[in-house]
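Next comes coords.tsv, with TSV, C-alpha atoms and all ligand atoms.
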chain	number	residue	atom	x	y	z
A	107	MET	CA	19.27	-27.30	-29.15
A	108	LEU	CA	21.90	-24.82	-28.17
A	109	ARG	CA	19.94	-22.07	-29.83
A	110	SER	CA	16.75	-22.74	-27.89
A	111	ALA	CA	18.68	-22.82	-24.62
A	112	LEU	CA	20.12	-19.42	-25.41
A	113	ILE	CA	16.70	-18.04	-26.17
A	114	ALA	CA	15.38	-19.35	-22.87
A	115	LEU	CA	18.31	-17.80	-21.04
A	116	SER	CA	17.79	-14.37	-22.57
A	117	LEU	CA	14.07	-14.55	-21.77
A	118	SER	CA	14.76	-15.29	-18.14
A	119	LEU	CA	17.22	-12.39	-17.98
A	120	LEU	CA	14.53	-10.10	-19.32
A	121	ALA	CA	12.07	-11.36	-16.75
A	122	THR	CA	14.57	-10.73	-13.97
A	123	ALA	CA	15.25	-7.22	-15.20
A	124	ALA	CA	11.54	-6.43	-15.28
A	125	LEU	CA	10.94	-7.70	-11.76
A	126	ALA	CA	14.05	-7.11	-9.71
A	127	ALA	CA	12.48	-6.56	-6.29
A	128	SER	CA	14.31	-8.62	-3.70
A	129	GLY	CA	14.71	-9.19	0.00
A	130	LYS	CA	11.54	-11.25	0.27
A	131	GLN	CA	10.24	-11.45	3.83
A	132	PRO	CA	7.14	-12.85	5.50
A	133	ALA	CA	4.40	-10.40	6.44
A	134	PRO	CA	5.37	-8.50	9.62
A	135	PRO	CA	4.18	-9.50	13.10
A	136	GLY	CA	0.57	-8.49	13.67
A	137	ALA	CA	-0.45	-9.07	10.04
A	138	LEU	CA	-3.19	-11.60	9.29
A	139	LYS	CA	-2.01	-15.19	8.90
A	140	ASP	CA	-2.95	-15.24	5.18
A	141	ALA	CA	-1.22	-11.95	4.44
A	142	PRO	CA	1.16	-12.16	1.47
A	143	PRO	CA	4.94	-11.94	1.99
A	144	GLN	CA	6.61	-8.76	0.86
A	145	TYR	CA	9.71	-7.68	-0.98
A	146	THR	CA	11.79	-5.18	0.93
A	147	ARG	CA	14.28	-3.94	-1.67
A	148	PHE	CA	13.36	-2.21	-4.88
A	149	SER	CA	15.14	-0.77	-7.86
A	150	MET	CA	14.90	2.86	-8.91
A	151	PRO	CA	12.57	2.04	-11.88
A	152	GLU	CA	10.27	-0.01	-9.64
A	153	LEU	CA	9.82	2.89	-7.24
A	154	ARG	CA	9.49	5.47	-10.02
A	155	ARG	CA	6.90	3.44	-11.87
A	156	GLY	CA	4.75	2.93	-8.78
A	157	PHE	CA	4.96	6.53	-7.66
A	158	MET	CA	4.07	7.99	-11.07
A	159	ALA	CA	1.16	5.57	-11.47
A	160	LEU	CA	-0.30	6.08	-8.00
A	161	ALA	CA	0.30	9.77	-7.28
A	162	PHE	CA	-1.35	10.96	-10.52
A	163	GLY	CA	-4.96	10.32	-11.51
A	164	SER	CA	-7.90	8.85	-9.60
A	165	ASP	CA	-10.95	6.65	-10.02
A	166	LEU	CA	-13.57	9.34	-10.05
A	167	ARG	CA	-12.84	12.96	-10.65
A	168	ILE	CA	-15.42	15.66	-10.05
A	169	GLY	CA	-14.95	19.17	-11.39
A	170	ALA	CA	-11.76	20.43	-12.97
A	171	PRO	CA	-9.03	17.81	-13.23
A	172	PRO	CA	-6.25	18.44	-10.73
A	173	ARG	CA	-3.09	19.45	-12.51
A	174	GLY	CA	-0.64	17.49	-10.53
A	175	ILE	CA	0.46	16.17	-7.17
A	176	ARG	CA	-2.07	16.18	-4.37
A	177	ARG	CA	-0.94	16.04	-0.77
A	178	PHE	CA	-1.40	17.87	2.51
A	179	ASP	CA	0.90	20.85	2.92
A	180	HIS	CA	0.66	21.01	6.72
A	181	PRO	CA	0.67	18.56	9.67
A	182	ILE	CA	-2.24	16.12	9.38
A	183	ILE	CA	-4.87	15.52	12.04
A	184	ALA	CA	-6.95	12.36	11.69
A	185	ARG	CA	-10.12	11.40	13.52
A	186	VAL	CA	-11.79	8.00	13.74
A	187	ILE	CA	-15.59	8.16	13.81
A	188	PRO	CA	-16.85	4.93	15.42
A	189	GLY	CA	-19.74	3.00	13.93
A	190	GLY	CA	-20.93	-0.40	12.73
A	191	ARG	CA	-21.64	-3.69	14.46
A	192	VAL	CA	-18.00	-4.50	15.25
A	193	ASP	CA	-16.04	-1.98	17.28
A	194	ARG	CA	-12.79	-1.41	15.40
A	195	THR	CA	-12.04	2.06	16.70
A	196	GLN	CA	-8.90	0.99	18.55
A	197	ALA	CA	-7.67	-1.11	15.64
A	198	MET	CA	-8.17	1.78	13.22
A	199	THR	CA	-6.39	4.16	15.56
A	200	ARG	CA	-3.42	1.78	15.71
A	201	VAL	CA	-3.21	1.72	11.91
A	202	ILE	CA	-3.11	5.52	11.80
A	203	GLU	CA	-0.44	5.56	14.51
A	204	GLU	CA	1.62	3.06	12.52
A	205	TYR	CA	1.58	5.38	9.51
A	206	ALA	CA	2.57	8.27	11.77
A	207	ARG	CA	5.58	6.35	13.12
A	208	SER	CA	6.63	4.91	9.76
A	209	VAL	CA	6.47	8.14	7.77
A	210	PRO	CA	7.48	10.97	10.13
A	211	ASN	CA	7.08	13.64	7.43
A	212	LEU	CA	3.31	13.09	7.47
A	213	HIS	CA	3.35	14.83	10.89
A	214	LEU	CA	0.24	12.78	11.53
A	215	HIS	CA	-1.70	12.84	14.78
A	216	VAL	CA	-4.96	11.34	15.98
A	217	THR	CA	-7.58	13.56	17.56
A	218	THR	CA	-11.13	13.22	18.85
A	219	ASP	CA	-11.96	16.82	17.86
A	220	ALA	CA	-14.40	17.56	15.07
A	221	ALA	CA	-11.89	19.69	13.16
A	222	ALA	CA	-9.80	16.93	11.60
A	223	ASP	CA	-8.12	16.88	8.19
A	224	ILE	CA	-8.94	13.21	7.65
A	225	GLU	CA	-12.22	11.69	8.86
A	226	VAL	CA	-12.20	7.90	9.02
A	227	ARG	CA	-15.78	6.67	9.22
A	228	LEU	CA	-16.31	3.08	10.35
A	229	ILE	CA	-19.50	1.53	8.95
A	230	ASP	CA	-21.28	-1.74	8.17
A	231	GLU	CA	-21.40	-2.88	4.57
A	232	LYS	CA	-25.19	-2.52	4.36
A	233	ASP	CA	-24.87	1.18	5.18
A	234	PHE	CA	-22.14	1.85	2.63
A	235	ASN	CA	-24.29	3.05	-0.29
A	236	ALA	CA	-26.44	5.20	1.99
A	237	ALA	CA	-23.31	6.76	3.49
A	238	LEU	CA	-22.05	7.65	0.00
A	239	HIS	CA	-25.40	9.21	-0.87
A	240	GLU	CA	-25.37	11.27	2.28
A	241	ALA	CA	-21.79	12.42	1.81
A	242	PHE	CA	-21.75	13.17	-1.92
A	243	GLY	CA	-25.36	13.28	-3.12
A	244	ALA	CA	-27.26	10.66	-5.08
A	245	LYS	CA	-25.82	11.45	-8.51
A	246	VAL	CA	-22.17	11.22	-7.58
A	247	ALA	CA	-22.70	8.18	-5.37
A	248	LYS	CA	-24.53	6.34	-8.12
A	249	ALA	CA	-21.88	7.13	-10.74
A	250	PHE	CA	-19.12	6.05	-8.41
A	251	ILE	CA	-20.77	2.78	-7.42
A	252	LYS	CA	-21.53	1.96	-11.04
A	253	ARG	CA	-17.99	2.64	-12.19
A	254	THR	CA	-15.94	1.09	-9.46
A	255	ASP	CA	-18.13	-1.24	-7.37
A	256	PRO	CA	-16.30	-0.08	-4.28
A	257	GLN	CA	-15.95	-1.94	-1.02
A	258	CYS	CA	-14.48	1.00	0.85
A	259	MET	CA	-13.80	4.48	-0.44
A	260	THR	CA	-12.05	7.78	0.12
A	261	SER	CA	-12.97	11.21	-1.12
A	262	LEU	CA	-10.52	14.11	-1.28
A	263	ARG	CA	-11.21	17.79	-1.54
A	264	SER	CA	-8.24	19.84	-2.65
A	265	ASP	CA	-7.59	23.45	-3.62
A	266	ALA	CA	-6.63	24.62	-7.12
A	267	GLU	CA	-2.96	24.01	-6.38
A	268	GLY	CA	-3.46	20.43	-5.27
A	269	ALA	CA	-3.16	20.92	-1.51
A	270	ILE	CA	-5.63	18.56	0.15
A	271	LEU	CA	-8.17	20.43	2.25
A	272	HIS	CA	-10.15	17.50	3.62
A	273	ALA	CA	-10.39	13.73	3.23
A	274	VAL	CA	-13.15	11.33	4.21
A	275	SER	CA	-12.60	7.56	4.24
A	276	PHE	CA	-15.35	4.98	4.67
A	277	ILE	CA	-14.09	1.71	6.13
A	278	ILE	CA	-16.26	-1.42	6.33
A	279	VAL	CA	-16.02	-3.11	9.73
A	280	ASP	CA	-18.46	-6.05	9.62
A	281	GLN	CA	-17.05	-8.19	6.79
A	282	GLY	CA	-14.20	-9.76	8.70
A	283	GLU	CA	-10.74	-8.82	9.85
A	284	ASP	CA	-9.11	-9.20	6.44
A	285	VAL	CA	-11.51	-6.83	4.65
A	286	PHE	CA	-11.20	-4.31	7.46
A	287	ARG	CA	-7.41	-4.35	7.51
A	288	ASP	CA	-7.06	-4.21	3.74
A	289	CYS	CA	-9.44	-1.24	3.61
A	290	ALA	CA	-7.77	0.51	6.54
A	291	TYR	CA	-4.28	0.50	5.00
A	292	HIS	CA	-5.52	1.03	1.44
A	293	GLU	CA	-7.86	3.95	2.10
A	294	LEU	CA	-5.38	5.87	4.23
A	295	LEU	CA	-2.93	5.83	1.32
A	296	HIS	CA	-5.67	7.47	-0.78
A	297	ALA	CA	-6.39	9.98	1.99
A	298	PHE	CA	-2.72	11.04	2.04
A	299	GLY	CA	-2.81	11.67	-1.74
A	300	LEU	CA	-1.91	8.41	-3.49
A	301	SER	CA	-5.25	8.58	-5.31
A	302	ASN	CA	-4.91	5.99	-8.02
A	303	HIS	CA	-4.79	2.20	-8.37
A	304	ASP	CA	-2.31	0.05	-10.30
A	305	GLN	CA	-3.61	-3.44	-10.96
A	306	ARG	CA	-0.32	-4.49	-12.54
A	307	ASN	CA	1.86	-3.50	-9.62
A	308	PRO	CA	2.67	-6.59	-7.51
A	309	TRP	CA	3.94	-4.72	-4.44
A	310	THR	CA	1.39	-2.07	-3.47
A	311	THR	CA	-1.82	-2.44	-1.52
A	312	LEU	CA	-3.31	-0.02	-4.09
A	313	ASN	CA	-3.54	-2.97	-6.48
A	314	GLN	CA	-7.20	-3.96	-6.04
A	315	ASN	CA	-6.47	-7.56	-6.95
A	316	ARG	CA	-4.38	-7.97	-3.81
A	317	LEU	CA	-5.46	-8.28	-0.19
A	318	VAL	CA	-2.53	-7.04	1.88
A	319	GLY	CA	-3.66	-5.64	5.22
A	320	TYR	CA	-0.37	-4.24	6.47
A	321	LEU	CA	1.94	-1.33	5.69
A	322	THR	CA	4.46	-2.67	3.19
A	323	VAL	CA	8.01	-1.42	2.72
A	324	TYR	CA	7.04	-0.47	-0.83
A	325	ASP	CA	4.05	1.70	0.12
A	326	ARG	CA	6.04	3.26	2.93
A	327	ALA	CA	8.68	4.26	0.37
A	328	LEU	CA	6.06	5.85	-1.91
A	329	LEU	CA	4.60	7.86	0.99
A	330	THR	CA	8.07	8.90	2.12
A	331	LEU	CA	8.61	10.30	-1.37
A	332	LEU	CA	5.21	12.05	-1.51
A	333	TYR	CA	5.84	13.76	1.83
A	334	ASP	CA	9.42	14.74	1.18
A	335	PRO	CA	9.45	18.57	1.44
A	336	ARG	CA	10.79	18.77	-2.12
A	337	ILE	CA	7.54	17.30	-3.51
A	338	LYS	CA	4.94	20.10	-3.54
A	339	PRO	CA	1.20	20.10	-4.19
A	340	GLY	CA	0.47	20.89	-7.84
A	341	MET	CA	3.81	19.67	-9.21
A	342	THR	CA	3.30	18.32	-12.72
A	343	TYR	CA	3.96	14.83	-13.99
A	344	ARG	CA	7.00	16.09	-15.86
A	345	GLN	CA	8.44	17.97	-12.87
A	346	VAL	CA	8.07	14.94	-10.65
A	347	ARG	CA	9.50	12.56	-13.20
A	348	LEU	CA	12.65	14.66	-13.38
A	349	LEU	CA	12.98	15.09	-9.62
A	350	LEU	CA	12.19	11.54	-8.53
A	351	PRO	CA	15.53	9.83	-9.27
A	352	HIS	CA	17.35	12.41	-7.15
A	353	LEU	CA	14.91	11.97	-4.27
A	354	ILE	CA	15.03	8.18	-4.39
A	355	ALA	CA	18.83	8.24	-4.39
A	356	ASP	CA	19.05	10.90	-1.71
A	357	LEU	CA	16.63	9.10	0.61
A	358	GLY	CA	18.39	5.76	0.03
A	359	LEU	CA	15.14	4.06	-0.94
A	360	ALA	CA	16.42	1.96	-3.85
A	361	GLY	CA	19.06	-0.69	-4.36
A	362	ALA	CA	20.88	-2.60	-1.68
A	363	GLY	CA	18.64	-1.29	1.08
A	364	ARG	CA	21.37	0.60	2.86
A	365	HIS	CA	18.86	2.68	4.80
A	366	HIS	CA	16.26	0.03	5.33
A	367	ARG	CA	15.44	-1.08	8.83
B	401	ZN	ZN	-8.77	2.32	-3.68

This structure in structure tokens:
Amino acid sequence: MLRSALIALSLSLLATAALAASGKQPAPPGALKDAPPQYTRFSMPELRRGFMALAFGSDLRIGAPPRGIRRFDHPIIARVIPGGRVDRTQAMTRVIEEYARSVPNLHLHVTTDAAADIEVRLIDEKDFNAALHEAFGAKVAKAFIKRTDPQCMTSLRSDAEGAILHAVSFIIVDQGEDVFRDCAYHELLHAFGLSNHDQRNPWTTLNQNRLVGYLTVYDRALLTLLYDPRIKPGMTYRQVRLLLPHLIADLGLAGAGRHHR
């Protein structure tokens, strides 16, 4: 009897250690009513694990595999290209502006000029496959659709070092507010350089099993790390793994939430 109680106790301690995120809060004002609550404080390993999983690798790679970190190495200009049956241009612009406010190191601005670093194309679902064909050619579009059955998507072009040259995001606007918002927040993270997914991570919107639809404290922390000036395009997995604990500590992103608003 005593023995089984002890076993149960040690199991629950293990579970707590593996999932120590805390400071649970409801979704912020403006989120959809079904949006999941979020944790607002994370441990060093929780932030490291998410960053390493999401900043390296991607769903579909064309050409030579990028060696390391991908991110913009200059201020970012984003442009929303209206389209589709439901006009979500203003809503999309507000999402971009929220990222700009929340992560100042993005140096992100919205423009209506053609020469933007990130193009956000708003489209109806029925036009999605055709838009992929037009943008990437039939072969690539077909391979991508077959492999990932995407609902929205982002394509990055980067130079040999990993500096992003151009990003295009396709966001579906006619399948309801929740699909739109989830895509809007999710695809922008890809466009900034968090290219991968992590279906086992319970905090990021880059887990495709979750519908989030707002900018979480967790994803904001990952972007803050990616756009810290000490993280450079092309940095290797090993370099980043060594640097990350110092950055997380220095930026006050882990632990008791000393720097959290
Ligand atoms: Zn994705």

Select from chain A every residue with an atom at most 9 Å from any atom of ligand ZN 401 (chain B), then for each give the shortest pair of atoms and their distance in Å to one decimal, using all atoms listed in the file, rows by chain and rising number, as a tab-separated table.
residue	atom	partner	partner_atom	distance
A:Ser164	CA	B:ZN401	ZN	8.9
A:Asp165	CA	B:ZN401	ZN	8.0
A:Pro256	CA	B:ZN401	ZN	7.9
A:Gln257	CA	B:ZN401	ZN	8.8
A:Cys258	CA	B:ZN401	ZN	7.4
A:Met259	CA	B:ZN401	ZN	6.4
A:Thr260	CA	B:ZN401	ZN	7.4
A:Cys289	CA	B:ZN401	ZN	8.1
A:His292	CA	B:ZN401	ZN	6.2
A:Glu293	CA	B:ZN401	ZN	6.1
A:Leu295	CA	B:ZN401	ZN	8.5
A:His296	CA	B:ZN401	ZN	6.7
A:Ser301	CA	B:ZN401	ZN	7.4
A:Asn302	CA	B:ZN401	ZN	6.9
A:His303	CA	B:ZN401	ZN	6.2
A:Thr311	CA	B:ZN401	ZN	8.7
A:Leu312	CA	B:ZN401	ZN	6.0
A:Asn313	CA	B:ZN401	ZN	7.9
A:Gln314	CA	B:ZN401	ZN	6.9

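Counting all atoms listed in the file, the residue from A:Arg194, A:Arg147, A:Arg177, A:Arg347 that sits nearest to Ser128 in chain A is A:Arg147.
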
Each residue of range 248-340 of chain A with at least one atom at most 8 Å from range 233-244 of chain A should appear once, together with its nearest atom pair and the corresponding distance in Å (one decimal); atoms considered: all atoms listed in the file; ordering: chain, then increasing residue number; output as a tab-separated table.
residue	atom	partner	partner_atom	distance
A:Lys248	CA	A:Ala244	CA	5.9
A:Ile251	CA	A:Asn235	CA	8.0
A:Cys258	CA	A:Phe234	CA	7.9
A:Phe276	CA	A:Phe234	CA	7.8
A:Ile278	CA	A:Phe234	CA	7.7

Residues within 8 Å of Val323 in chain A, only C-alpha atoms, excluding chain neighbours under 5 positions, as a VMD selection string: chain A and resid 144 to 146

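The shortest atom-to-atom distance to Asp304 in chain A, with all atoms listed in the file taken into account, belongs to A:Phe162 out of A:Ser208, A:Ala137, A:Pro132, A:Phe162.
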
List every protein, DNA or RNA residue that has at least one atom no more than 10 Å from (-6.3, 11.1, 13.1) in the file's coordinates, counting only C-alpha atoms, and write the result as a PyMOL selection string. chain A and resi 182-187+198-199+201-203+206+214-219+222-226

Would you save the residues of that selection, restricted to C-alpha atoms, as a PDB file, in the coordinates of the input?
ATOM      1  CA  ILE A 182      -2.240  16.120   9.380  1.00  0.00           C
ATOM      2  CA  ILE A 183      -4.870  15.520  12.040  1.00  0.00           C
ATOM      3  CA  ALA A 184      -6.950  12.360  11.690  1.00  0.00           C
ATOM      4  CA  ARG A 185     -10.120  11.400  13.520  1.00  0.00           C
ATOM      5  CA  VAL A 186     -11.790   8.000  13.740  1.00  0.00           C
ATOM      6  CA  ILE A 187     -15.590   8.160  13.810  1.00  0.00           C
ATOM      7  CA  MET A 198      -8.170   1.780  13.220  1.00  0.00           C
ATOM      8  CA  THR A 199      -6.390   4.160  15.560  1.00  0.00           C
ATOM      9  CA  VAL A 201      -3.210   1.720  11.910  1.00  0.00           C
ATOM     10  CA  ILE A 202      -3.110   5.520  11.800  1.00  0.00           C
ATOM     11  CA  GLU A 203      -0.440   5.560  14.510  1.00  0.00           C
ATOM     12  CA  ALA A 206       2.570   8.270  11.770  1.00  0.00           C
ATOM     13  CA  LEU A 214       0.240  12.780  11.530  1.00  0.00           C
ATOM     14  CA  HIS A 215      -1.700  12.840  14.780  1.00  0.00           C
ATOM     15  CA  VAL A 216      -4.960  11.340  15.980  1.00  0.00           C
ATOM     16  CA  THR A 217      -7.580  13.560  17.560  1.00  0.00           C
ATOM     17  CA  THR A 218     -11.130  13.220  18.850  1.00  0.00           C
ATOM     18  CA  ASP A 219     -11.960  16.820  17.860  1.00  0.00           C
ATOM     19  CA  ALA A 222      -9.800  16.930  11.600  1.00  0.00           C
ATOM     20  CA  ASP A 223      -8.120  16.880   8.190  1.00  0.00           C
ATOM     21  CA  ILE A 224      -8.940  13.210   7.650  1.00  0.00           C
ATOM     22  CA  GLU A 225     -12.220  11.690   8.860  1.00  0.00           C
ATOM     23  CA  VAL A 226     -12.200   7.900   9.020  1.00  0.00           C
TER      24      VAL A 226
END

Shell around range 342-345 of chain A at 9 Å using only C-alpha atoms, local window under 3 positions removed, as a ChimeraX atom specification: /A:158,162,173-175,339,348-350

May I ask for the distance between CA of Leu294 in chain A and CA of Arg200 in chain A, given in Å to one decimal place? 12.3 Å

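For the choices A:Ile337, A:Ala221, A:Ala360, A:Leu321, the atom-to-atom distance to Gly136 in chain A is smallest for A:Leu321 when using all atoms listed in the file.
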
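The space separating CA of Asp179 in chain A from CA of Tyr324 in chain A comes to 22.5 Å.
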
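Here CA of Ala266 in chain A and CA of Phe178 in chain A stand 12.9 Å from one another.
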
Any idea what's packed within 7 Å of Ile270 in chain A, counting only C-alpha atoms, ignoring anything in its chain fewer than 4 positions away? Could you give it as a ChimeraX atom specification? /A:176-178,262-265

Counting only C-alpha atoms, which residues sit no farther than 10 Å from the position (-13.1, -4.9, 7.1) in the file's frame? I'd like them as a PyMOL selection string. chain A and resi 192+194+228-231+257-258+277-290+319

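Among A:Ser261, A:Ala161, A:Met341, A:Leu357, the residue with the shortest atom-to-atom distance to Leu300 in chain A, counting all atoms listed in the file, is A:Ala161.
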
If the box runs along x, y and z of the file and leaves 3 Å on each side of range 242-261 of chain A, what are its centre and edge lengths in Å, one decimal, as AutoDock Vina command-line options?
--center_x -19.7 --center_y 5.7 --center_z -5.7 --size_x 21.2 --size_y 21.2 --size_z 19.0

Please provide the set of residues having any atom within 9 Å of Ala133 in chain A, restricted to only C-alpha atoms, with same-chain residues fewer than 3 positions apart removed, written as a list in words. Gly136, Ala137, Leu138, Lys139, Asp140, Ala141, Pro142, Pro143, Gln144, Val318, Tyr320 and Thr322 of chain A

Could you pull the residues within 12 Å of Leu359 in chain A, counting all atoms listed in the file, minus those fewer than 3 positions along the same chain, as JSON, numbers by chain? {"A": [146, 147, 148, 149, 150, 151, 152, 153, 154, 323, 324, 325, 326, 327, 328, 329, 330, 331, 350, 351, 352, 353, 354, 355, 356, 362, 363, 364, 365, 366, 367]}

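With only C-alpha atoms as the atoms that count, the minimum distance from Ala197 in chain A to the choices A:Gly129, A:Tyr291, A:Asp334, A:Ala159 is reached by A:Tyr291.
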